[in-house]
file query_8.cif (mmCIF, C-alpha atoms)
data_input
#
loop_
_atom_site.label_atom_id
_atom_site.label_comp_id
_atom_site.auth_asym_id
_atom_site.auth_seq_id
_atom_site.Cartn_x
_atom_site.Cartn_y
_atom_site.Cartn_z
CA MET A 27 -89.24 -108.86 -100.00
CA GLY A 28 -85.81 -107.23 -100.02
CA ALA A 29 -83.68 -105.57 -97.40
CA ALA A 30 -83.67 -101.84 -96.80
CA VAL A 31 -81.98 -99.41 -94.46
CA LEU A 32 -83.65 -96.23 -93.29
CA VAL A 33 -80.89 -93.67 -92.86
CA GLY A 34 -81.80 -90.65 -90.73
CA THR A 35 -79.52 -87.67 -91.32
CA GLN A 36 -79.20 -84.06 -90.30
CA LYS A 37 -80.74 -83.22 -93.67
CA GLY A 38 -83.56 -85.62 -94.26
CA LEU A 39 -84.21 -89.33 -94.57
CA PHE A 40 -82.59 -91.63 -97.13
CA VAL A 41 -83.66 -95.17 -97.99
CA LEU A 42 -81.08 -97.72 -99.12
CA THR A 43 -82.57 -100.73 -100.84
CA GLY A 44 -80.56 -103.89 -101.40
CA ASP A 45 -80.69 -106.93 -103.63
CA GLU A 46 -81.00 -110.49 -102.35
CA THR A 47 -77.28 -110.77 -101.70
CA ARG A 48 -77.27 -107.53 -99.66
CA ARG A 49 -74.17 -106.55 -101.64
CA GLU A 50 -75.78 -104.21 -104.21
CA TRP A 51 -77.48 -101.11 -102.87
CA SER A 52 -79.25 -98.09 -104.32
CA VAL A 53 -80.03 -94.81 -102.59
CA GLU A 54 -83.46 -93.16 -102.61
CA GLY A 55 -84.27 -89.77 -101.17
CA PRO A 56 -83.98 -87.53 -99.45
CA HIS A 57 -87.40 -87.59 -97.86
CA LEU A 58 -88.45 -85.10 -95.18
CA THR A 59 -86.05 -82.48 -96.53
CA GLY A 60 -85.31 -79.74 -94.05
CA TRP A 61 -85.84 -82.03 -91.06
CA GLU A 62 -83.25 -83.64 -88.85
CA VAL A 63 -84.24 -87.29 -88.65
CA PHE A 64 -82.96 -88.58 -85.32
CA HIS A 65 -84.45 -92.04 -85.93
CA ALA A 66 -86.74 -93.74 -88.41
CA MET A 67 -88.20 -97.22 -88.51
CA ARG A 68 -90.65 -99.31 -90.47
CA ASP A 69 -93.29 -100.77 -88.18
CA PRO A 70 -93.25 -104.51 -88.93
CA ARG A 71 -96.87 -104.77 -87.78
CA THR A 72 -98.30 -102.28 -90.26
CA GLY A 73 -95.58 -101.46 -92.80
CA THR A 74 -95.86 -97.77 -91.92
CA LEU A 75 -92.69 -95.67 -91.80
CA HIS A 76 -92.26 -93.53 -88.68
CA ALA A 77 -89.63 -90.83 -88.18
CA ALA A 78 -88.56 -88.82 -85.13
CA THR A 79 -88.07 -85.39 -86.68
CA ASN A 80 -86.58 -82.16 -85.38
CA HIS A 81 -86.01 -78.67 -86.74
CA ALA A 82 -83.87 -75.89 -85.27
CA VAL A 83 -86.65 -73.37 -85.88
CA TYR A 84 -89.88 -75.36 -85.87
CA GLY A 85 -89.34 -77.76 -82.96
CA ALA A 86 -89.75 -81.51 -82.47
CA THR A 87 -92.38 -83.81 -83.90
CA THR A 88 -92.86 -87.12 -85.72
CA HIS A 89 -93.85 -87.96 -89.27
CA ARG A 90 -95.31 -91.15 -90.68
CA SER A 91 -95.79 -92.52 -94.18
CA GLY A 92 -98.12 -95.30 -95.24
CA ASP A 93 -96.80 -95.39 -98.82
CA LEU A 94 -93.09 -96.06 -98.31
CA GLY A 95 -92.16 -92.41 -98.17
CA GLN A 96 -94.11 -91.00 -101.08
CA THR A 97 -96.24 -88.86 -98.76
CA TRP A 98 -95.80 -87.95 -95.12
CA GLU A 99 -98.15 -86.88 -92.36
CA ARG A 100 -97.00 -84.91 -89.33
CA ALA A 101 -98.33 -85.94 -85.92
CA GLY A 102 -100.69 -83.73 -83.99
CA GLU A 103 -99.16 -81.24 -81.59
CA ILE A 104 -96.78 -82.93 -79.14
CA GLY A 105 -96.49 -81.27 -75.77
CA LEU A 106 -95.77 -81.79 -72.10
CA PRO A 107 -98.31 -80.80 -69.44
CA GLU A 108 -98.01 -77.33 -67.99
CA GLU A 109 -97.68 -78.61 -64.42
CA SER A 110 -94.49 -80.43 -65.40
CA GLY A 111 -92.79 -77.10 -66.04
CA LEU A 112 -91.19 -78.72 -69.08
CA THR A 113 -91.52 -78.25 -72.81
CA TRP A 114 -90.86 -80.84 -75.49
CA GLU A 115 -87.46 -80.25 -77.09
CA LYS A 116 -86.30 -83.20 -79.21
CA SER A 117 -87.82 -86.36 -80.64
CA TRP A 118 -85.19 -89.09 -80.35
CA HIS A 119 -86.65 -92.53 -80.92
CA VAL A 120 -89.94 -94.03 -82.05
CA GLU A 121 -90.61 -97.69 -81.22
CA PRO A 122 -93.43 -100.07 -82.17
CA GLY A 123 -95.56 -101.27 -79.26
CA HIS A 124 -96.30 -104.87 -78.45
CA PRO A 125 -97.25 -107.06 -81.44
CA ASP A 126 -100.75 -107.56 -79.99
CA GLU A 127 -101.34 -103.77 -79.97
CA PRO A 128 -100.68 -102.68 -83.56
CA GLU A 129 -101.90 -99.11 -83.03
CA THR A 130 -99.62 -98.53 -80.02
CA LEU A 131 -96.27 -96.80 -80.45
CA TRP A 132 -93.82 -95.17 -78.07
CA LEU A 133 -91.78 -92.00 -78.53
CA GLY A 134 -88.83 -90.95 -76.39
CA GLY A 135 -86.86 -87.75 -76.31
CA THR A 136 -85.72 -84.62 -74.53
CA PRO A 137 -86.23 -83.63 -71.70
CA ALA A 138 -86.32 -87.27 -70.51
CA ALA A 139 -89.89 -87.69 -71.64
CA LEU A 140 -91.85 -90.57 -73.06
CA PHE A 141 -95.05 -90.50 -75.10
CA ARG A 142 -97.47 -93.21 -76.07
CA SER A 143 -99.68 -93.27 -79.14
CA GLY A 144 -102.80 -95.37 -79.33
CA ASP A 145 -103.66 -94.39 -82.89
CA GLY A 146 -100.69 -95.45 -84.94
CA GLY A 147 -98.65 -92.30 -84.39
CA ALA A 148 -101.32 -89.74 -85.32
CA THR A 149 -101.29 -88.29 -81.80
CA TRP A 150 -99.08 -88.72 -78.74
CA ALA A 151 -99.90 -88.56 -75.03
CA PRO A 152 -97.16 -87.98 -72.43
CA VAL A 153 -96.40 -90.76 -69.95
CA GLN A 154 -97.04 -88.88 -66.73
CA SER A 155 -95.32 -91.40 -64.46
CA LEU A 156 -91.92 -90.66 -65.97
CA LEU A 157 -92.36 -86.90 -65.62
CA GLU A 158 -93.15 -87.43 -61.94
CA HIS A 159 -90.50 -90.07 -61.26
CA PRO A 160 -89.22 -89.75 -57.66
CA THR A 161 -85.57 -89.83 -58.76
CA ARG A 162 -85.97 -87.22 -61.48
CA ASP A 163 -84.07 -84.53 -59.58
CA LYS A 164 -80.99 -86.79 -59.71
CA TRP A 165 -80.97 -87.01 -63.51
CA ASN A 166 -78.51 -84.91 -65.47
CA PRO A 167 -78.21 -84.26 -69.19
CA GLY A 168 -75.43 -85.87 -71.21
CA ALA A 169 -73.79 -84.12 -74.12
CA GLY A 170 -76.88 -84.81 -76.23
CA GLY A 171 -79.31 -83.43 -73.65
CA LEU A 172 -81.46 -85.29 -71.13
CA CYS A 173 -82.76 -87.73 -73.70
CA CYS A 174 -84.88 -90.86 -73.52
CA HIS A 175 -83.33 -92.68 -76.46
CA SER A 176 -84.01 -96.39 -75.95
CA ILE A 177 -87.42 -98.07 -75.70
CA GLN A 178 -87.68 -101.86 -75.71
CA MET A 179 -90.79 -103.99 -75.49
CA ASP A 180 -90.72 -107.46 -73.92
CA PRO A 181 -92.32 -109.67 -76.59
CA SER A 182 -93.35 -112.17 -73.90
CA ASP A 183 -95.23 -109.63 -71.76
CA PRO A 184 -97.11 -106.62 -73.15
CA GLN A 185 -96.92 -104.90 -69.76
CA ARG A 186 -93.11 -104.95 -69.58
CA VAL A 187 -91.27 -102.01 -71.12
CA TYR A 188 -87.66 -100.88 -70.78
CA ILE A 189 -86.35 -97.39 -71.36
CA ALA A 190 -82.92 -95.79 -71.09
CA ILE A 191 -82.15 -92.14 -70.49
CA SER A 192 -78.85 -90.31 -70.72
CA ALA A 193 -77.91 -89.60 -67.99
CA ALA A 194 -80.47 -91.20 -65.72
CA GLY A 195 -79.93 -94.88 -66.50
CA ALA A 196 -82.12 -97.82 -67.39
CA PHE A 197 -85.69 -98.26 -66.09
CA ARG A 198 -88.19 -101.11 -66.29
CA SER A 199 -91.94 -100.97 -66.11
CA ASP A 200 -93.90 -104.14 -65.37
CA ASP A 201 -97.27 -102.41 -65.60
CA GLY A 202 -97.35 -100.90 -69.06
CA GLY A 203 -95.71 -97.64 -68.05
CA GLU A 204 -97.63 -96.83 -64.88
CA THR A 205 -94.48 -97.10 -62.74
CA TRP A 206 -90.76 -97.28 -63.52
CA GLU A 207 -88.07 -98.97 -61.45
CA PRO A 208 -84.40 -98.00 -61.90
CA LYS A 209 -82.35 -100.95 -63.19
CA ASN A 210 -78.74 -99.91 -62.82
CA GLN A 211 -77.24 -102.32 -60.28
CA GLY A 212 -73.65 -103.01 -61.24
CA VAL A 213 -73.53 -100.27 -63.87
CA ALA A 214 -70.78 -97.73 -63.26
CA ALA A 215 -71.08 -93.97 -63.32
CA ASP A 216 -67.37 -93.17 -63.09
CA PHE A 217 -68.07 -89.48 -63.54
CA PHE A 218 -69.36 -89.48 -59.93
CA PRO A 219 -66.08 -90.15 -58.06
CA ASP A 220 -67.87 -89.92 -54.72
CA ASN A 221 -70.41 -92.61 -55.65
CA PRO A 222 -69.65 -94.50 -58.86
CA PHE A 223 -72.59 -96.91 -58.45
CA PRO A 224 -75.63 -94.73 -57.72
CA GLU A 225 -79.24 -95.86 -58.00
CA VAL A 226 -79.73 -93.52 -60.99
CA GLY A 227 -77.59 -91.14 -63.02
CA GLN A 228 -75.86 -93.68 -65.25
CA CYS A 229 -75.14 -92.58 -68.80
CA VAL A 230 -76.60 -95.35 -70.92
CA HIS A 231 -75.82 -94.77 -74.57
CA LYS A 232 -78.00 -97.55 -76.03
CA LEU A 233 -80.03 -100.39 -74.53
CA LEU A 234 -81.37 -103.42 -76.43
CA LEU A 235 -83.39 -106.49 -75.44
CA HIS A 236 -82.79 -109.81 -77.13
CA PRO A 237 -86.05 -110.74 -78.84
CA ALA A 238 -85.59 -114.50 -78.49
CA ARG A 239 -84.42 -114.37 -74.87
CA PRO A 240 -86.26 -111.34 -73.51
CA GLU A 241 -84.79 -111.58 -70.02
CA ARG A 242 -81.41 -110.75 -71.61
CA LEU A 243 -80.52 -107.08 -72.10
CA TRP A 244 -77.40 -105.44 -73.48
CA GLN A 245 -76.22 -101.89 -73.09
CA GLN A 246 -73.42 -99.77 -74.42
CA ASN A 247 -72.75 -97.24 -71.69
CA HIS A 248 -70.54 -94.20 -71.26
CA CYS A 249 -68.70 -96.41 -68.76
CA GLY A 250 -68.55 -99.83 -70.36
CA VAL A 251 -70.45 -102.56 -72.17
CA TYR A 252 -72.89 -104.56 -70.04
CA ARG A 253 -75.19 -107.58 -70.21
CA SER A 254 -78.07 -108.50 -67.92
CA ASP A 255 -79.65 -111.96 -67.82
CA ASP A 256 -82.33 -111.10 -65.26
CA ARG A 257 -84.39 -108.34 -66.88
CA GLY A 258 -82.04 -105.64 -65.73
CA ASP A 259 -81.99 -106.57 -62.04
CA SER A 260 -78.20 -106.90 -62.23
CA TRP A 261 -75.59 -106.14 -64.87
CA GLU A 262 -72.20 -107.64 -65.73
CA ARG A 263 -69.46 -105.42 -67.18
CA LEU A 264 -67.98 -107.04 -70.29
CA GLU A 265 -64.99 -105.16 -71.63
CA GLY A 266 -61.34 -105.83 -70.86
CA ASN A 267 -61.29 -109.06 -72.85
CA GLY A 268 -60.58 -107.88 -76.37
CA LEU A 269 -62.28 -104.50 -76.51
CA PRO A 270 -59.86 -101.56 -76.79
CA SER A 271 -62.26 -99.32 -74.86
CA GLY A 272 -65.51 -99.54 -72.98
CA PHE A 273 -66.69 -96.24 -74.47
CA GLY A 274 -68.95 -96.20 -77.49
CA PHE A 275 -72.49 -95.45 -78.52
CA PRO A 276 -74.35 -98.09 -80.59
CA ILE A 277 -74.80 -101.82 -80.10
CA ALA A 278 -76.29 -104.45 -82.40
CA LEU A 279 -77.63 -107.95 -81.73
CA ASP A 280 -78.33 -111.11 -83.73
CA PRO A 281 -82.01 -112.10 -83.39
CA ALA A 282 -81.01 -115.75 -83.97
CA ASP A 283 -78.16 -115.84 -81.42
CA PRO A 284 -78.60 -114.36 -77.93
CA ASP A 285 -74.85 -114.67 -77.28
CA ALA A 286 -73.81 -112.42 -80.18
CA ALA A 287 -73.38 -108.65 -80.14
CA TRP A 288 -71.49 -105.98 -82.08
CA VAL A 289 -70.08 -102.70 -80.75
CA VAL A 290 -68.00 -99.86 -82.16
CA PRO A 291 -65.61 -98.66 -79.45
CA GLU A 292 -64.34 -95.12 -79.42
CA GLU A 293 -61.14 -93.98 -77.73
CA GLY A 294 -63.01 -92.48 -74.80
CA ALA A 295 -65.19 -89.66 -73.61
CA GLU A 296 -62.44 -87.12 -74.23
CA ASN A 297 -61.70 -88.23 -77.81
CA ARG A 298 -64.79 -89.66 -79.44
CA VAL A 299 -63.35 -91.37 -82.52
CA THR A 300 -62.64 -94.99 -83.35
CA PRO A 301 -59.32 -96.07 -81.79
CA ASN A 302 -56.01 -96.78 -83.50
CA GLY A 303 -56.86 -94.61 -86.50
CA ARG A 304 -59.14 -97.16 -88.14
CA LEU A 305 -62.78 -98.20 -88.23
CA GLY A 306 -63.19 -101.51 -86.44
CA ILE A 307 -66.28 -103.38 -85.36
CA TYR A 308 -65.97 -105.75 -82.42
CA ARG A 309 -68.09 -108.89 -82.16
CA THR A 310 -68.72 -111.32 -79.37
CA ARG A 311 -70.27 -114.76 -79.85
CA ASP A 312 -69.90 -115.87 -76.25
CA ALA A 313 -72.10 -113.33 -74.49
CA GLY A 314 -69.28 -110.85 -74.02
CA ALA A 315 -66.60 -113.18 -72.63
CA SER A 316 -64.37 -112.32 -75.60
CA TRP A 317 -64.45 -109.86 -78.49
CA ASP A 318 -62.95 -110.10 -82.00
CA LEU A 319 -61.99 -107.21 -84.25
CA LEU A 320 -63.68 -107.22 -87.67
CA THR A 321 -62.12 -105.04 -90.38
CA ASP A 322 -62.50 -106.83 -93.75
CA GLY A 323 -63.82 -104.20 -96.15
CA LEU A 324 -63.76 -101.36 -93.64
CA PRO A 325 -61.41 -98.38 -94.16
CA GLN A 326 -58.05 -99.01 -92.54
CA GLN A 327 -57.34 -95.33 -92.03
CA ALA A 328 -60.27 -93.65 -90.34
CA TRP A 329 -61.23 -91.60 -87.33
CA ALA A 330 -64.92 -92.33 -87.41
CA SER A 331 -67.76 -91.46 -85.05
CA ILE A 332 -70.99 -93.38 -84.82
CA LYS A 333 -74.12 -92.04 -83.14
CA ARG A 334 -76.11 -94.12 -80.65
CA GLU A 335 -78.66 -94.97 -83.36
CA GLY A 336 -75.94 -95.47 -85.95
CA MET A 337 -75.92 -99.28 -86.04
CA SER A 338 -78.66 -101.78 -86.84
CA PHE A 339 -79.22 -105.40 -87.74
CA ASP A 340 -81.69 -107.36 -89.82
CA ARG A 341 -83.49 -110.65 -89.22
CA LEU A 342 -81.99 -112.58 -92.11
CA ASP A 343 -79.60 -115.54 -91.94
CA PRO A 344 -76.76 -114.75 -91.57
CA ALA A 345 -77.52 -111.51 -89.78
CA GLY A 346 -76.83 -108.32 -91.70
CA ILE A 347 -75.14 -105.54 -89.74
CA TYR A 348 -75.48 -101.90 -90.80
CA LEU A 349 -73.37 -98.96 -89.75
CA GLY A 350 -73.75 -95.24 -90.49
CA THR A 351 -70.92 -92.80 -89.77
CA GLN A 352 -71.18 -89.14 -88.94
CA SER A 353 -69.12 -88.56 -92.08
CA GLY A 354 -72.00 -89.86 -94.20
CA SER A 355 -71.00 -93.41 -95.11
CA VAL A 356 -73.18 -96.49 -94.72
CA PHE A 357 -71.30 -99.77 -94.30
CA VAL A 358 -73.11 -103.08 -94.69
CA SER A 359 -72.06 -106.56 -93.68
CA PRO A 360 -74.28 -109.27 -95.20
CA ASP A 361 -72.45 -112.00 -93.24
CA ALA A 362 -72.62 -111.05 -89.57
CA GLY A 363 -69.59 -108.79 -89.72
CA GLU A 364 -67.12 -111.06 -91.54
CA SER A 365 -66.97 -108.73 -94.54
CA TRP A 366 -68.13 -105.20 -95.19
CA LEU A 367 -68.95 -102.98 -98.15
CA GLU A 368 -69.65 -99.27 -98.40
CA ALA A 369 -73.25 -99.05 -99.58
CA ALA A 370 -73.41 -95.23 -99.65
CA SER A 371 -71.07 -92.33 -99.09
CA PHE A 372 -71.22 -88.55 -98.80
CA LEU A 373 -74.67 -88.56 -97.26
CA PRO A 374 -75.29 -85.76 -94.77
CA THR A 375 -74.24 -86.45 -91.17
CA ILE A 376 -75.86 -89.77 -90.27
CA LEU A 377 -77.88 -89.78 -87.07
CA SER A 378 -79.50 -93.21 -87.35
CA VAL A 379 -79.73 -96.39 -89.39
CA GLU A 380 -82.51 -98.93 -89.08
CA ALA A 381 -82.76 -102.12 -91.12
CA CYS A 382 -86.16 -103.26 -92.30
CA GLU A 383 -87.90 -105.34 -94.92
CA TRP A 384 -88.93 -103.63 -98.15
CA GLN A 385 -91.13 -104.43 -101.12
CA MET B 11 -109.09 -60.65 -95.86
CA ALA B 12 -105.55 -60.61 -94.52
CA VAL B 13 -103.16 -63.18 -95.94
CA VAL B 14 -100.41 -65.30 -94.39
CA LEU B 15 -97.48 -66.39 -96.55
CA LEU B 16 -95.44 -69.43 -95.52
CA PRO B 17 -91.86 -70.42 -96.39
CA SER B 18 -91.50 -73.61 -98.40
CA LEU B 19 -90.98 -76.09 -95.56
CA LEU B 20 -94.05 -74.85 -93.72
CA ALA B 21 -96.03 -74.88 -96.95
CA ARG B 22 -95.17 -78.55 -97.44
CA GLU B 23 -96.26 -79.27 -93.88
CA ALA B 24 -99.50 -77.41 -94.59
CA GLY B 25 -100.35 -79.82 -97.38
CA GLY B 26 -98.66 -77.84 -100.14
CA GLU B 27 -100.48 -74.59 -99.45
CA GLY B 28 -98.24 -71.55 -98.93
CA ARG B 29 -100.92 -68.84 -98.82
CA PHE B 30 -103.78 -68.64 -96.35
CA GLU B 31 -106.49 -66.00 -96.12
CA THR B 32 -107.73 -65.08 -92.67
CA ASP B 33 -110.33 -62.84 -91.05
CA ALA B 34 -108.53 -63.02 -87.69
CA SER B 35 -108.46 -59.83 -85.65
CA THR B 36 -104.91 -60.24 -84.33
CA VAL B 37 -101.64 -61.62 -85.64
CA ARG B 38 -101.66 -64.34 -82.97
CA GLU B 39 -105.16 -65.42 -83.90
CA ALA B 40 -104.16 -65.59 -87.55
CA LEU B 41 -101.15 -67.76 -86.79
CA GLN B 42 -103.05 -69.97 -84.33
CA GLY B 43 -105.53 -70.71 -87.08
CA LEU B 44 -102.93 -72.22 -89.39
CA PRO B 45 -102.57 -76.00 -89.81
CA ILE B 46 -98.90 -75.63 -88.89
CA ARG B 47 -99.43 -73.74 -85.65
CA ASP B 48 -97.60 -76.46 -83.68
CA LEU B 49 -94.47 -75.62 -85.67
CA LEU B 50 -94.77 -71.91 -84.80
CA PHE B 51 -95.73 -72.16 -81.11
CA ASP B 52 -94.66 -74.51 -78.34
CA GLU B 53 -97.17 -76.24 -76.07
CA ARG B 54 -97.32 -73.17 -73.80
CA GLY B 55 -98.40 -71.00 -76.73
CA THR B 56 -95.04 -69.25 -76.89
CA LEU B 57 -93.81 -68.31 -80.35
CA ARG B 58 -90.67 -70.31 -81.08
CA PRO B 59 -87.68 -67.98 -80.71
CA LEU B 60 -86.32 -68.39 -84.24
CA VAL B 61 -89.65 -67.72 -85.98
CA ASN B 62 -89.80 -64.12 -87.19
CA VAL B 63 -93.14 -62.52 -88.04
CA TYR B 64 -93.48 -59.61 -90.47
CA VAL B 65 -96.67 -57.68 -91.15
CA ASP B 66 -96.53 -55.58 -94.30
CA ARG B 67 -92.74 -55.99 -94.29
CA THR B 68 -92.36 -54.71 -90.73
CA PRO B 69 -91.17 -57.07 -87.97
CA VAL B 70 -93.79 -57.62 -85.29
CA ASP B 71 -93.10 -58.43 -81.65
CA ASP B 72 -96.60 -57.90 -80.28
CA LEU B 73 -98.70 -60.76 -81.61
CA GLY B 74 -101.75 -59.21 -79.98
CA ALA B 75 -101.61 -56.24 -82.30
CA PRO B 76 -104.77 -55.67 -84.39
CA LEU B 77 -104.65 -57.06 -87.89
CA GLU B 78 -105.85 -54.89 -90.75
CA PRO B 79 -107.99 -56.70 -93.35
CA SER B 80 -105.47 -55.79 -96.05
CA ALA B 81 -102.44 -56.99 -94.08
CA GLU B 82 -99.88 -59.43 -95.41
CA ILE B 83 -98.16 -61.61 -92.80
CA ARG B 84 -94.90 -63.26 -93.72
CA LEU B 85 -93.25 -65.94 -91.61
CA VAL B 86 -89.48 -66.01 -91.89
CA ALA B 87 -87.14 -68.44 -90.20
CA ALA B 88 -84.19 -66.76 -88.53
CA VAL B 89 -80.88 -67.09 -90.32
CA ALA B 90 -79.42 -69.98 -88.37
CA GLY B 91 -78.18 -73.51 -88.72
CA GLY B 92 -75.58 -75.28 -90.82
#

call {"tool": "encode", "arguments": {"input": "query_8.cif", "output": "structure tokens"}}
result
Amino acid sequence: MGAAVLVGTQKGLFVLTGDETRREWSVEGPHLTGWEVFHAMRDPRTGTLHAATNHAVYGATTHRSGDLGQTWERAGEIGLPEESGLTWEKSWHVEPGHPDEPETLWLGGTPAALFRSGDGGATWAPVQSLLEHPTRDKWNPGAGGLCCHSIQMDPSDPQRVYIAISAAGAFRSDDGGETWEPKNQGVAADFFPDNPFPEVGQCVHKLLLHPARPERLWQQNHCGVYRSDDRGDSWERLEGNGLPSGFGFPIALDPADPDAAWVVPEEGAENRVTPNGRLGIYRTRDAGASWDLLTDGLPQQAWASIKREGMSFDRLDPAGIYLGTQSGSVFVSPDAGESWLEAASFLPTILSVEACEWQ
Amino acid sequence: MAVVLLPSLLAREAGGEGRFETDASTVREALQGLPIRDLLFDERGTLRPLVNVYVDRTPVDDLGAPLEPSAEIRLVAAVAGG
């Protein structure tokens, strides 16, 4: 079983497969030509590939492949109920359900909508409770639209689900998606000068749960990097101790170390490129108390941009970290960020990377 | 039978078939009968704005128009994108 990276781009899906050292990579694809692949993942429960796919003319859907990309099947029609007054615009992220429910998957996207599949991604049903959320009139779209982009399952409790919406904030359900409670205490929304700590309206860019310590969450936000140790009930802001900026999009974790995280800061909301004219990854190993710059093998002259789904991590030891730039390069670190290599270049604009096992 | 001709991406999504015969009485009915109808219409049944429909090489706005048995429908994506 080798390592692979599913690379979603504006022009199809590419698969990078690596050798045992994770230093030699080959590129397969493109699959799903003509489609924008906002996110793709391999379901560890079934081995099926799932992709959140969009087309400027033909709308938003998902595709799945049970034969490692040789053939693809489009999901049945995805739509929002008429009484919502909304129509489905973009598929952003597809996430496996709880390990005990191998046919359950979740799909998030625009306009701040969530779907659940009970048949392995063949069909999707909208999660009504989110469409009717009492705070919905206080949500506003970020630059990428009003998108539900993060979905995290609590491995210790099949009823607990987290989602994040830009710009509505983080929400937790303790009843399998029947109700959703905002979880934004301590998270800034500096773009509301009159009330920078509202109940909802925060611009979360990416939210992750640590699989080995599921009460611990991390988020890269429009307004800082945050960690929660109480299932999102409160958040601690973490930058200012080595990070050049609190602004960025992706975040990566180490499944073996709950205190480790990687981020890619950008200069700020007004200039969304990596700071100081270089591509640098910042790592913490003390839960965000301090951050170190990692540059070995990364280009020293670069003004790079990384999408919210543009970084991933594997489950090997040491952790592999994967980065995809909007300029079409995939950088891989097989040693937790100490050193990097360019595994692919000149791909179309990269929208997502997702590490997985391959065979 | 009228025929519907699909561009290549839609043909791939239709299982590799780019030509469909239909005995539908209207253009809308013909399009709704295709296996890729979800890519042509949104969930309200509205034709997606960048999908152009031609019947016998003439652009059609009224999808309720009667369909002659000899008609040829072509679906053309608007010139857009990057």

call {"tool": "closest_residue", "arguments": {"input": "query_8.cif", "among": "B:Asp71, B:Glu39, B:Asp33, B:Asp52", "to": "chain A", "atoms": "all atoms listed in the file"}}
result
B:Asp52

call {"tool": "atom_distance", "arguments": {"input": "query_8.cif", "atom1": "CA of Ala151 (chain A)", "atom2": "CA of Glu127 (chain A)"}}
result
16.1 Å

call {"tool": "interface_residues", "arguments": {"input": "query_8.cif", "of": "chain A", "to": "chain B", "cutoff": "12 Å", "atoms": "all atoms listed in the file", "output": "PDB file with C-alpha atoms, in the frame of the given file"}}
result
ATOM      1  CA  GLN A  36     -79.200 -84.060 -90.300  1.00  0.00           C
ATOM      2  CA  LYS A  37     -80.740 -83.220 -93.670  1.00  0.00           C
ATOM      3  CA  HIS A  57     -87.400 -87.590 -97.860  1.00  0.00           C
ATOM      4  CA  LEU A  58     -88.450 -85.100 -95.180  1.00  0.00           C
ATOM      5  CA  THR A  59     -86.050 -82.480 -96.530  1.00  0.00           C
ATOM      6  CA  GLY A  60     -85.310 -79.740 -94.050  1.00  0.00           C
ATOM      7  CA  TRP A  61     -85.840 -82.030 -91.060  1.00  0.00           C
ATOM      8  CA  GLU A  62     -83.250 -83.640 -88.850  1.00  0.00           C
ATOM      9  CA  THR A  79     -88.070 -85.390 -86.680  1.00  0.00           C
ATOM     10  CA  ASN A  80     -86.580 -82.160 -85.380  1.00  0.00           C
ATOM     11  CA  HIS A  81     -86.010 -78.670 -86.740  1.00  0.00           C
ATOM     12  CA  ALA A  82     -83.870 -75.890 -85.270  1.00  0.00           C
ATOM     13  CA  VAL A  83     -86.650 -73.370 -85.880  1.00  0.00           C
ATOM     14  CA  TYR A  84     -89.880 -75.360 -85.870  1.00  0.00           C
ATOM     15  CA  GLY A  85     -89.340 -77.760 -82.960  1.00  0.00           C
ATOM     16  CA  ALA A  86     -89.750 -81.510 -82.470  1.00  0.00           C
ATOM     17  CA  THR A  87     -92.380 -83.810 -83.900  1.00  0.00           C
ATOM     18  CA  THR A  88     -92.860 -87.120 -85.720  1.00  0.00           C
ATOM     19  CA  HIS A  89     -93.850 -87.960 -89.270  1.00  0.00           C
ATOM     20  CA  THR A  97     -96.240 -88.860 -98.760  1.00  0.00           C
ATOM     21  CA  TRP A  98     -95.800 -87.950 -95.120  1.00  0.00           C
ATOM     22  CA  GLU A  99     -98.150 -86.880 -92.360  1.00  0.00           C
ATOM     23  CA  ARG A 100     -97.000 -84.910 -89.330  1.00  0.00           C
ATOM     24  CA  ALA A 101     -98.330 -85.940 -85.920  1.00  0.00           C
ATOM     25  CA  GLY A 102    -100.690 -83.730 -83.990  1.00  0.00           C
ATOM     26  CA  GLU A 103     -99.160 -81.240 -81.590  1.00  0.00           C
ATOM     27  CA  ILE A 104     -96.780 -82.930 -79.140  1.00  0.00           C
ATOM     28  CA  GLY A 105     -96.490 -81.270 -75.770  1.00  0.00           C
ATOM     29  CA  LEU A 106     -95.770 -81.790 -72.100  1.00  0.00           C
ATOM     30  CA  PRO A 107     -98.310 -80.800 -69.440  1.00  0.00           C
ATOM     31  CA  GLU A 108     -98.010 -77.330 -67.990  1.00  0.00           C
ATOM     32  CA  GLU A 109     -97.680 -78.610 -64.420  1.00  0.00           C
ATOM     33  CA  SER A 110     -94.490 -80.430 -65.400  1.00  0.00           C
ATOM     34  CA  GLY A 111     -92.790 -77.100 -66.040  1.00  0.00           C
ATOM     35  CA  LEU A 112     -91.190 -78.720 -69.080  1.00  0.00           C
ATOM     36  CA  THR A 113     -91.520 -78.250 -72.810  1.00  0.00           C
ATOM     37  CA  TRP A 114     -90.860 -80.840 -75.490  1.00  0.00           C
ATOM     38  CA  GLU A 115     -87.460 -80.250 -77.090  1.00  0.00           C
ATOM     39  CA  PRO A 374     -75.290 -85.760 -94.770  1.00  0.00           C
ATOM     40  CA  THR A 375     -74.240 -86.450 -91.170  1.00  0.00           C
TER      41      THR A 375
END

call {"tool": "residues_near_point", "arguments": {"input": "query_8.cif", "point": "(-78.7, -100.2, -94.7)", "cutoff": "7 Å", "atoms": "all atoms listed in the file", "output": "short mmCIF file (atom, residue, chain, number, x, y, z; two decimals) with C-alpha atoms, in the frame of the given file"}}
result
data_model
loop_
_atom_site.label_atom_id
_atom_site.label_comp_id
_atom_site.auth_asym_id
_atom_site.auth_seq_id
_atom_site.Cartn_x
_atom_site.Cartn_y
_atom_site.Cartn_z
CA ALA A 30 -83.67 -101.84 -96.80
CA VAL A 31 -81.98 -99.41 -94.46
CA LEU A 32 -83.65 -96.23 -93.29
CA LEU A 42 -81.08 -97.72 -99.12
CA TYR A 348 -75.48 -101.90 -90.80
CA VAL A 356 -73.18 -96.49 -94.72
CA VAL A 358 -73.11 -103.08 -94.69
CA VAL A 379 -79.73 -96.39 -89.39
CA GLU A 380 -82.51 -98.93 -89.08
CA ALA A 381 -82.76 -102.12 -91.12
#
